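What follows is a short report on a single structure.
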Amino acid sequence: MTATNPDWMITRNQELVGKLQVEAAKKFAPKGNYAVLKGDPANDLAQTSDRSYAAGLTGAEGINVVYNDFIAGYDPAKAQSEAEAILTRNDDDVAAFVVNNDGMAGGVVQALRGAGLNGKVFVSGLDADQANLNLIALGDQTMTVFTPIDVMAKRAADAAHQLGNGGTPESNSVATTDKGDVPLWQLDLVAVTKDNLCEFVEKIAPKGWVDPAAVVAGSDVKCE
């Protein structure tokens with residue numbers, strides 16, 4: 001069987017993940033020691049984020065990257081142990097942990113709690129998991145990045161319908177494959193912080209994505 005190119009593709013904007021995380025880190029901590037915890041080296045997101053991190057942090061005035069490495073399997077326990085070691089090596093002087101996803105961010109928060117630094121150090125994530133949204137409400141995690149999967153599903157279904165009827169789905173980019181270029185739609189992403197947490201829970205997240213009460217549990221955040 002001969003492999004052929006797809007007629008159309010949809011993905012999240014992978015480069016934007018790292019860009020949003022770095023922008024938020026710089027806003028929180030314009031200067032200081034940064035630790036960058038990337039995901040599994042075999043994963044496309046981790047590799048793309050690596051490039052985004054490098055673009056945003058290399059040569060940035062006042063920022064000193066004291067750690068920059070991949071974490072196999074996006075392992076939260078490994079992220080926690082690495083964060084603990086980073087804090088020890090730097091006498092707790094770390095301004096930001098730029099973390100590739102929410103699972104690892106949870107591990108980093110545990111390390112910061114152990115050092116009494118939770119809420120004082122920037123921590124990023126990705127996926128808008130309910131547990132991490134609660135960490136944001138508590139102030140222990142600074143931000144996460146959400147992929148609007150409901151928008152992705154609808155646009156993919158619409159594209160399939162258009163293609164099935166001889167139409168051409170809208171694209172905003174091009175994916176280059178070994179078989180040639182493919183029209184691509186890259187989804188914009190949502191940076192979620194404590195400031196827009198209620199808006200995210202009530203208006204942006206798909207229905208049933210999270211339990212609003214669990215998101216704000218134990219925090220000072222009050223959503224209507």
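Chain lettering (A, B, ...) mirrors the order of the structure tokens, residue numbering begins at 1 for each chain separately, and ligand numbering begins at 1 in order of display.
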
Excluding same-chain residues fewer than 3 positions from Asp92 of chain A, what lies within 12 Å of it counting only C-alpha atoms, as JSON, numbers by chain?
-> {"A": [32, 33, 34, 35, 66, 83, 84, 85, 86, 87, 88, 89, 95, 96, 97, 111, 112, 113, 114, 115, 116, 117, 118, 120, 121]}

Kindly export the residues of the current selection with C-alpha atoms, as a compact mmCIF listing (two decimals), in the first residue's frame.
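The result, stored in selection20.txt:
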```
# COMPACT_ATOMS: atom_id res chain seq x y z
CA GLY A 32 16.63 35.93 37.95
CA ASN A 33 17.52 32.27 37.71
CA TYR A 34 15.28 30.20 35.44
CA ALA A 35 14.87 26.42 35.32
CA VAL A 66 20.45 27.36 35.52
CA ALA A 83 13.23 20.74 41.04
CA GLU A 84 14.39 19.84 44.55
CA ALA A 85 17.95 19.39 43.28
CA ILE A 86 17.78 22.67 41.34
CA LEU A 87 16.67 24.54 44.46
CA THR A 88 19.43 22.94 46.53
CA ARG A 89 22.15 23.76 44.00
CA ALA A 95 12.72 32.91 40.09
CA ALA A 96 10.91 30.73 37.55
CA PHE A 97 10.29 27.13 36.62
CA ALA A 111 9.20 20.74 45.58
CA LEU A 112 8.44 24.42 46.11
CA ARG A 113 6.05 23.60 48.94
CA GLY A 114 8.78 21.58 50.60
CA ALA A 115 11.05 24.62 50.45
CA GLY A 116 8.34 27.05 51.56
CA LEU A 117 8.53 28.83 48.19
CA ASN A 118 5.12 27.97 46.72
CA LYS A 120 6.71 32.97 45.32
CA VAL A 121 8.19 31.31 42.22
```

Margin query: Which residues are near Pro169 of chain A? Cut-off 10 Å, only C-alpha atoms, ignore same chain within fewer than 5 positions. Put them as a PyMOL selection string.
Written below: chain A and resi 7-9+155-156+158-163+183-185

Next, the residues of the selection above should be written as a PDB file, in the first residue's frame with N, CA and C atoms.
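Output saved as part.pdb:
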```
ATOM      1  N   ASP A   7      -5.468  15.252   3.085  1.00  0.00           N
ATOM      2  CA  ASP A   7      -5.936  16.426   2.348  1.00  0.00           C
ATOM      3  C   ASP A   7      -5.906  17.689   3.204  1.00  0.00           C
ATOM      4  N   TRP A   8      -5.913  17.508   4.517  1.00  0.00           N
ATOM      5  CA  TRP A   8      -6.006  18.656   5.433  1.00  0.00           C
ATOM      6  C   TRP A   8      -5.620  18.176   6.821  1.00  0.00           C
ATOM      7  N   MET A   9      -5.062  19.066   7.624  1.00  0.00           N
ATOM      8  CA  MET A   9      -4.667  18.704   8.986  1.00  0.00           C
ATOM      9  C   MET A   9      -5.073  19.804   9.956  1.00  0.00           C
ATOM     10  N   ARG A 155     -14.119  22.040  14.195  1.00  0.00           N
ATOM     11  CA  ARG A 155     -13.475  22.431  12.939  1.00  0.00           C
ATOM     12  C   ARG A 155     -13.075  21.189  12.132  1.00  0.00           C
ATOM     13  N   ALA A 156     -12.628  20.132  12.809  1.00  0.00           N
ATOM     14  CA  ALA A 156     -12.265  18.903  12.106  1.00  0.00           C
ATOM     15  C   ALA A 156     -13.492  18.264  11.458  1.00  0.00           C
ATOM     16  N   ASP A 158     -16.257  19.829  10.557  1.00  0.00           N
ATOM     17  CA  ASP A 158     -16.663  20.686   9.443  1.00  0.00           C
ATOM     18  C   ASP A 158     -15.774  20.460   8.218  1.00  0.00           C
ATOM     19  N   ALA A 159     -14.471  20.305   8.470  1.00  0.00           N
ATOM     20  CA  ALA A 159     -13.535  20.086   7.363  1.00  0.00           C
ATOM     21  C   ALA A 159     -13.824  18.759   6.667  1.00  0.00           C
ATOM     22  N   ALA A 160     -14.110  17.714   7.464  1.00  0.00           N
ATOM     23  CA  ALA A 160     -14.420  16.415   6.875  1.00  0.00           C
ATOM     24  C   ALA A 160     -15.672  16.508   5.996  1.00  0.00           C
ATOM     25  N   HIS A 161     -16.643  17.262   6.467  1.00  0.00           N
ATOM     26  CA  HIS A 161     -17.875  17.439   5.683  1.00  0.00           C
ATOM     27  C   HIS A 161     -17.587  18.181   4.382  1.00  0.00           C
ATOM     28  N   GLN A 162     -16.780  19.236   4.479  1.00  0.00           N
ATOM     29  CA  GLN A 162     -16.428  19.995   3.274  1.00  0.00           C
ATOM     30  C   GLN A 162     -15.672  19.124   2.276  1.00  0.00           C
ATOM     31  N   LEU A 163     -14.683  18.380   2.761  1.00  0.00           N
ATOM     32  CA  LEU A 163     -13.888  17.536   1.870  1.00  0.00           C
ATOM     33  C   LEU A 163     -14.764  16.466   1.220  1.00  0.00           C
ATOM     34  N   PRO A 183      -2.361  21.476   3.620  1.00  0.00           N
ATOM     35  CA  PRO A 183      -3.041  22.608   4.261  1.00  0.00           C
ATOM     36  C   PRO A 183      -3.275  22.297   5.735  1.00  0.00           C
ATOM     37  N   LEU A 184      -2.998  23.275   6.582  1.00  0.00           N
ATOM     38  CA  LEU A 184      -3.028  23.057   8.029  1.00  0.00           C
ATOM     39  C   LEU A 184      -3.791  24.174   8.722  1.00  0.00           C
ATOM     40  N   TRP A 185      -4.587  23.798   9.724  1.00  0.00           N
ATOM     41  CA  TRP A 185      -5.175  24.792  10.619  1.00  0.00           C
ATOM     42  C   TRP A 185      -4.518  24.629  11.984  1.00  0.00           C
TER      43      TRP A 185
END
```

Spatial neighbours of Val17 of chain A, 12 Å, only C-alpha atoms, chain gap at least 2 places, as a short mmCIF file (atom, residue, chain, number, x, y, z; two decimals) with all heavy atoms, in the first residue's frame:
```cif
data_model
loop_
_atom_site.label_atom_id
_atom_site.label_comp_id
_atom_site.auth_asym_id
_atom_site.auth_seq_id
_atom_site.Cartn_x
_atom_site.Cartn_y
_atom_site.Cartn_z
N ARG A 12 -2.80 21.89 17.38
CA ARG A 12 -2.63 23.11 18.15
C ARG A 12 -1.33 23.76 17.69
O ARG A 12 -0.45 23.10 17.11
CB ARG A 12 -2.58 22.83 19.64
CG ARG A 12 -1.33 22.11 20.12
CD ARG A 12 -1.36 21.93 21.63
NE ARG A 12 -0.43 20.88 22.03
CZ ARG A 12 -0.61 20.11 23.10
NH1 ARG A 12 -1.67 20.27 23.87
NH2 ARG A 12 0.26 19.17 23.40
N ASN A 13 -1.20 25.02 17.93
CA ASN A 13 0.02 25.73 17.58
C ASN A 13 1.09 25.38 18.61
O ASN A 13 1.16 25.97 19.68
CB ASN A 13 -0.25 27.24 17.57
CG ASN A 13 0.91 28.04 17.04
OD1 ASN A 13 2.06 27.61 17.12
ND2 ASN A 13 0.63 29.20 16.49
N GLN A 14 1.89 24.37 18.29
CA GLN A 14 2.87 23.86 19.25
C GLN A 14 3.89 24.93 19.67
O GLN A 14 4.26 25.01 20.85
CB GLN A 14 3.62 22.66 18.65
CG GLN A 14 2.76 21.47 18.31
CD GLN A 14 2.38 20.61 19.51
OE1 GLN A 14 1.76 21.10 20.45
NE2 GLN A 14 2.74 19.35 19.47
N GLU A 15 4.32 25.75 18.74
CA GLU A 15 5.30 26.78 19.09
C GLU A 15 4.74 27.80 20.07
O GLU A 15 5.47 28.35 20.88
CB GLU A 15 5.79 27.49 17.82
CG GLU A 15 6.63 26.61 16.91
CD GLU A 15 7.19 27.38 15.72
OE1 GLU A 15 6.96 28.59 15.63
OE2 GLU A 15 7.86 26.74 14.89
N LYS A 19 5.99 29.74 23.80
CA LYS A 19 6.01 31.20 23.74
C LYS A 19 5.15 31.81 24.84
O LYS A 19 5.57 32.74 25.54
CB LYS A 19 5.53 31.68 22.38
CG LYS A 19 5.57 33.20 22.21
CD LYS A 19 5.11 33.62 20.82
CE LYS A 19 5.14 35.14 20.68
NZ LYS A 19 4.66 35.57 19.33
N LEU A 20 3.93 31.28 25.02
CA LEU A 20 3.05 31.79 26.07
C LEU A 20 3.64 31.57 27.45
O LEU A 20 3.54 32.42 28.34
CB LEU A 20 1.68 31.12 25.97
CG LEU A 20 0.81 31.52 24.77
CD1 LEU A 20 -0.44 30.64 24.71
CD2 LEU A 20 0.42 32.99 24.84
N GLN A 21 4.27 30.42 27.65
CA GLN A 21 4.87 30.12 28.95
C GLN A 21 6.03 31.07 29.25
O GLN A 21 6.15 31.60 30.37
CB GLN A 21 5.34 28.67 28.98
CG GLN A 21 4.19 27.67 28.97
CD GLN A 21 4.65 26.24 28.79
OE1 GLN A 21 5.76 25.96 28.33
NE2 GLN A 21 3.79 25.30 29.15
N VAL A 22 6.87 31.31 28.27
CA VAL A 22 8.01 32.21 28.47
C VAL A 22 7.54 33.64 28.68
O VAL A 22 8.06 34.36 29.56
CB VAL A 22 8.98 32.13 27.27
CG1 VAL A 22 10.01 33.25 27.33
CG2 VAL A 22 9.69 30.78 27.27
N GLU A 23 6.57 34.08 27.92
CA GLU A 23 6.05 35.45 28.09
C GLU A 23 5.51 35.65 29.50
O GLU A 23 5.75 36.68 30.13
CB GLU A 23 4.96 35.73 27.06
CG GLU A 23 5.49 35.94 25.64
CD GLU A 23 4.38 36.12 24.63
OE1 GLU A 23 3.19 35.89 24.99
OE2 GLU A 23 4.68 36.48 23.47
N ALA A 24 4.78 34.66 29.99
CA ALA A 24 4.23 34.76 31.34
C ALA A 24 5.33 34.75 32.39
O ALA A 24 5.27 35.47 33.40
CB ALA A 24 3.25 33.61 31.59
N LYS A 38 11.62 20.50 30.24
CA LYS A 38 10.95 20.12 29.01
C LYS A 38 10.41 18.70 29.14
O LYS A 38 10.76 17.96 30.05
CB LYS A 38 11.92 20.22 27.83
CG LYS A 38 12.44 21.65 27.63
CD LYS A 38 13.57 21.73 26.63
CE LYS A 38 14.85 21.12 27.17
NZ LYS A 38 16.04 21.51 26.36
N ASP A 44 7.08 15.45 20.05
CA ASP A 44 7.14 16.65 19.21
C ASP A 44 6.90 17.93 20.00
O ASP A 44 7.55 18.94 19.76
CB ASP A 44 6.10 16.54 18.08
CG ASP A 44 6.02 17.82 17.25
OD1 ASP A 44 6.99 18.12 16.54
OD2 ASP A 44 4.99 18.52 17.33
N LEU A 45 5.96 17.89 20.95
CA LEU A 45 5.69 19.08 21.76
C LEU A 45 6.95 19.50 22.52
O LEU A 45 7.29 20.69 22.56
CB LEU A 45 4.56 18.83 22.76
CG LEU A 45 4.39 19.91 23.83
CD1 LEU A 45 3.94 21.22 23.21
CD2 LEU A 45 3.42 19.45 24.91
N ALA A 46 7.63 18.54 23.11
CA ALA A 46 8.84 18.86 23.88
C ALA A 46 9.90 19.48 22.99
O ALA A 46 10.57 20.45 23.37
CB ALA A 46 9.38 17.60 24.56
N GLN A 47 10.07 18.94 21.79
CA GLN A 47 11.08 19.46 20.88
C GLN A 47 10.71 20.85 20.36
O GLN A 47 11.56 21.74 20.27
CB GLN A 47 11.28 18.49 19.70
CG GLN A 47 11.92 17.17 20.08
CD GLN A 47 13.37 17.33 20.52
OE1 GLN A 47 14.03 18.32 20.22
NE2 GLN A 47 13.87 16.34 21.26
N THR A 48 9.43 21.04 20.04
CA THR A 48 9.00 22.35 19.56
C THR A 48 9.10 23.38 20.68
O THR A 48 9.53 24.52 20.45
CB THR A 48 7.55 22.28 19.04
OG1 THR A 48 7.45 21.25 18.06
CG2 THR A 48 7.14 23.60 18.42
N SER A 49 8.70 22.99 21.89
CA SER A 49 8.81 23.89 23.04
C SER A 49 10.27 24.25 23.31
O SER A 49 10.57 25.39 23.68
CB SER A 49 8.19 23.26 24.28
OG SER A 49 6.80 23.06 24.10
N ASP A 50 11.16 23.30 23.11
CA ASP A 50 12.59 23.56 23.29
C ASP A 50 13.03 24.72 22.42
O ASP A 50 13.74 25.63 22.86
CB ASP A 50 13.38 22.30 22.95
CG ASP A 50 14.88 22.48 23.12
OD1 ASP A 50 15.30 23.23 24.02
OD2 ASP A 50 15.64 21.87 22.35
N ARG A 51 12.57 24.73 21.18
CA ARG A 51 12.92 25.83 20.27
C ARG A 51 12.29 27.14 20.72
O ARG A 51 12.92 28.21 20.64
CB ARG A 51 12.50 25.48 18.84
CG ARG A 51 13.25 24.28 18.26
CD ARG A 51 13.01 24.12 16.78
NE ARG A 51 11.65 23.71 16.48
CZ ARG A 51 11.26 22.44 16.42
NH1 ARG A 51 12.11 21.46 16.69
NH2 ARG A 51 10.00 22.14 16.10
N SER A 52 11.05 27.09 21.19
CA SER A 52 10.38 28.30 21.66
C SER A 52 11.06 28.85 22.91
O SER A 52 11.22 30.06 23.06
CB SER A 52 8.91 28.01 21.97
OG SER A 52 8.21 27.66 20.80
N TYR A 53 11.46 27.96 23.80
CA TYR A 53 12.16 28.38 25.02
C TYR A 53 13.48 29.06 24.65
O TYR A 53 13.84 30.11 25.20
CB TYR A 53 12.42 27.20 25.94
CG TYR A 53 11.19 26.53 26.48
CD1 TYR A 53 11.21 25.17 26.82
CD2 TYR A 53 10.00 27.22 26.67
CE1 TYR A 53 10.10 24.53 27.33
CE2 TYR A 53 8.86 26.58 27.17
CZ TYR A 53 8.93 25.24 27.51
OH TYR A 53 7.82 24.60 28.02
N GLY A 56 12.98 32.53 23.28
CA GLY A 56 12.55 33.53 24.25
C GLY A 56 13.52 33.81 25.36
O GLY A 56 13.48 34.89 25.98
N VAL A 98 10.01 27.12 34.21
CA VAL A 98 9.25 27.03 32.96
C VAL A 98 9.06 25.54 32.68
O VAL A 98 9.99 24.84 32.29
CB VAL A 98 9.99 27.73 31.80
CG1 VAL A 98 9.18 27.62 30.52
CG2 VAL A 98 10.25 29.19 32.15
N VAL A 99 7.84 25.07 32.92
CA VAL A 99 7.55 23.64 32.90
C VAL A 99 6.62 23.33 31.73
O VAL A 99 5.61 24.01 31.53
CB VAL A 99 6.90 23.20 34.23
CG1 VAL A 99 6.75 21.69 34.27
CG2 VAL A 99 7.74 23.69 35.42
N ASN A 100 6.94 22.27 31.00
CA ASN A 100 6.26 21.98 29.73
C ASN A 100 4.80 21.59 29.88
O ASN A 100 3.98 21.92 29.03
CB ASN A 100 7.03 20.89 28.99
CG ASN A 100 6.92 20.97 27.48
OD1 ASN A 100 7.45 20.12 26.79
ND2 ASN A 100 6.26 21.98 26.95
N ASN A 101 4.44 20.86 30.96
CA ASN A 101 3.03 20.45 31.07
C ASN A 101 2.59 20.43 32.54
O ASN A 101 3.39 20.60 33.46
CB ASN A 101 2.78 19.11 30.40
CG ASN A 101 3.15 17.92 31.25
OD1 ASN A 101 3.99 18.01 32.14
ND2 ASN A 101 2.52 16.78 31.00
N SER A 124 4.89 27.30 35.22
CA SER A 124 3.98 27.19 34.08
C SER A 124 3.54 25.75 33.89
O SER A 124 4.10 24.82 34.50
CB SER A 124 4.66 27.68 32.80
OG SER A 124 5.73 26.81 32.44
N GLY A 125 2.54 25.57 33.04
CA GLY A 125 2.08 24.23 32.71
C GLY A 125 1.34 24.23 31.39
O GLY A 125 1.27 25.25 30.69
N LEU A 126 0.77 23.09 31.05
CA LEU A 126 -0.01 22.94 29.82
C LEU A 126 -1.06 21.87 30.05
O LEU A 126 -0.75 20.82 30.63
CB LEU A 126 0.91 22.51 28.66
CG LEU A 126 0.22 21.96 27.41
CD1 LEU A 126 -0.49 23.08 26.66
CD2 LEU A 126 1.22 21.26 26.49
N ASP A 127 -2.27 22.11 29.63
CA ASP A 127 -3.40 21.17 29.58
C ASP A 127 -4.61 21.65 30.39
O ASP A 127 -5.71 21.16 30.18
CB ASP A 127 -3.04 19.74 30.04
CG ASP A 127 -2.13 19.04 29.06
OD1 ASP A 127 -2.21 19.35 27.85
OD2 ASP A 127 -1.32 18.19 29.50
N MET A 143 0.45 29.71 35.86
CA MET A 143 -0.36 29.65 34.65
C MET A 143 -0.32 28.28 34.01
O MET A 143 0.56 27.47 34.31
CB MET A 143 0.10 30.71 33.64
CG MET A 143 1.52 30.55 33.11
SD MET A 143 1.70 29.47 31.65
CE MET A 143 0.97 30.50 30.38
N THR A 144 -1.28 28.06 33.13
CA THR A 144 -1.27 26.88 32.29
C THR A 144 -1.77 27.30 30.91
O THR A 144 -2.27 28.41 30.74
CB THR A 144 -2.15 25.75 32.87
OG1 THR A 144 -1.98 24.55 32.11
CG2 THR A 144 -3.62 26.12 32.86
N VAL A 145 -1.60 26.43 29.94
CA VAL A 145 -2.04 26.71 28.58
C VAL A 145 -3.09 25.67 28.19
O VAL A 145 -2.88 24.47 28.38
CB VAL A 145 -0.86 26.67 27.59
CG1 VAL A 145 -1.35 26.92 26.17
CG2 VAL A 145 0.20 27.69 27.98
N PHE A 146 -4.22 26.15 27.66
CA PHE A 146 -5.32 25.26 27.29
C PHE A 146 -5.47 25.18 25.78
O PHE A 146 -5.43 26.20 25.08
CB PHE A 146 -6.63 25.77 27.90
CG PHE A 146 -7.84 24.98 27.48
CD1 PHE A 146 -8.03 23.69 27.92
CD2 PHE A 146 -8.80 25.53 26.63
CE1 PHE A 146 -9.15 22.95 27.53
CE2 PHE A 146 -9.92 24.80 26.24
CZ PHE A 146 -10.09 23.51 26.70
N THR A 147 -5.64 23.97 25.29
CA THR A 147 -5.95 23.73 23.89
C THR A 147 -7.46 23.59 23.76
O THR A 147 -8.04 22.68 24.36
CB THR A 147 -5.28 22.44 23.39
OG1 THR A 147 -3.88 22.50 23.61
CG2 THR A 147 -5.55 22.24 21.90
N GLN A 186 -3.85 25.71 12.44
CA GLN A 186 -3.24 25.71 13.77
C GLN A 186 -4.15 26.45 14.73
O GLN A 186 -4.49 27.61 14.52
CB GLN A 186 -1.87 26.39 13.73
CG GLN A 186 -0.79 25.54 13.07
CD GLN A 186 0.59 26.13 13.30
OE1 GLN A 186 0.80 27.32 13.19
NE2 GLN A 186 1.54 25.28 13.63
N LEU A 187 -4.51 25.76 15.81
CA LEU A 187 -5.41 26.34 16.80
C LEU A 187 -4.67 27.34 17.67
O LEU A 187 -3.56 27.09 18.14
CB LEU A 187 -5.96 25.25 17.71
CG LEU A 187 -7.12 24.41 17.22
CD1 LEU A 187 -7.32 23.26 18.19
CD2 LEU A 187 -8.39 25.23 17.11
N ASP A 188 -5.31 28.47 17.91
CA ASP A 188 -4.82 29.38 18.94
C ASP A 188 -5.06 28.75 20.30
O ASP A 188 -5.96 27.91 20.47
CB ASP A 188 -5.53 30.73 18.84
CG ASP A 188 -4.98 31.60 17.73
OD1 ASP A 188 -3.80 31.41 17.36
OD2 ASP A 188 -5.72 32.45 17.21
N LEU A 189 -4.28 29.18 21.28
CA LEU A 189 -4.34 28.60 22.62
C LEU A 189 -4.74 29.67 23.63
O LEU A 189 -4.72 30.86 23.34
CB LEU A 189 -2.98 28.00 22.98
CG LEU A 189 -2.42 27.02 21.95
CD1 LEU A 189 -1.03 26.55 22.37
CD2 LEU A 189 -3.35 25.83 21.78
N VAL A 190 -5.11 29.22 24.81
CA VAL A 190 -5.55 30.12 25.88
C VAL A 190 -4.60 30.01 27.06
O VAL A 190 -4.40 28.91 27.60
CB VAL A 190 -6.98 29.79 26.33
CG1 VAL A 190 -7.43 30.73 27.44
CG2 VAL A 190 -7.95 29.84 25.15
N ALA A 191 -4.01 31.13 27.46
CA ALA A 191 -3.21 31.17 28.68
C ALA A 191 -4.15 31.40 29.85
O ALA A 191 -4.90 32.38 29.87
CB ALA A 191 -2.16 32.28 28.59
N VAL A 192 -4.13 30.50 30.81
CA VAL A 192 -5.02 30.59 31.97
C VAL A 192 -4.21 30.97 33.20
O VAL A 192 -3.23 30.30 33.55
CB VAL A 192 -5.75 29.26 32.23
CG1 VAL A 192 -6.75 29.41 33.36
CG2 VAL A 192 -6.44 28.76 30.96
#
```

Two-atom distance - atom CA of Asp150 of chain A, atom CA of Val210 of chain A (Å) =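 Interatomic distance, atom CA of Asp150 of chain A to atom CA of Val210 of chain A: 13.7 Å.
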
query = What is the atom CA of Phe70 of chain A to atom CA of Asp178 of chain A distance in Å?
reply =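 Going from atom CA of Phe70 of chain A over to atom CA of Asp178 of chain A covers 26.7 Å.
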
Students should find that atom CA of Gly218 of chain A and atom CA of Asp75 of chain A are spaced 26.3 Å

Output as a PyMOL selection string all residues of chain A that backbone DSSP marks as strand (DSSP E or B). chain A and resi 9-12+32-38+63-70+96-99+122-123+143-146+173-177+180-187+190-193

**Request:** Can you pull out every residue within 6 Å of segment 136-139 of chain A, counting only C-alpha atoms, but drop anything in the same chain fewer than 4 positions away, and send it as a PyMOL selection string?
**Result:** chain A and resi 119+194+216+219
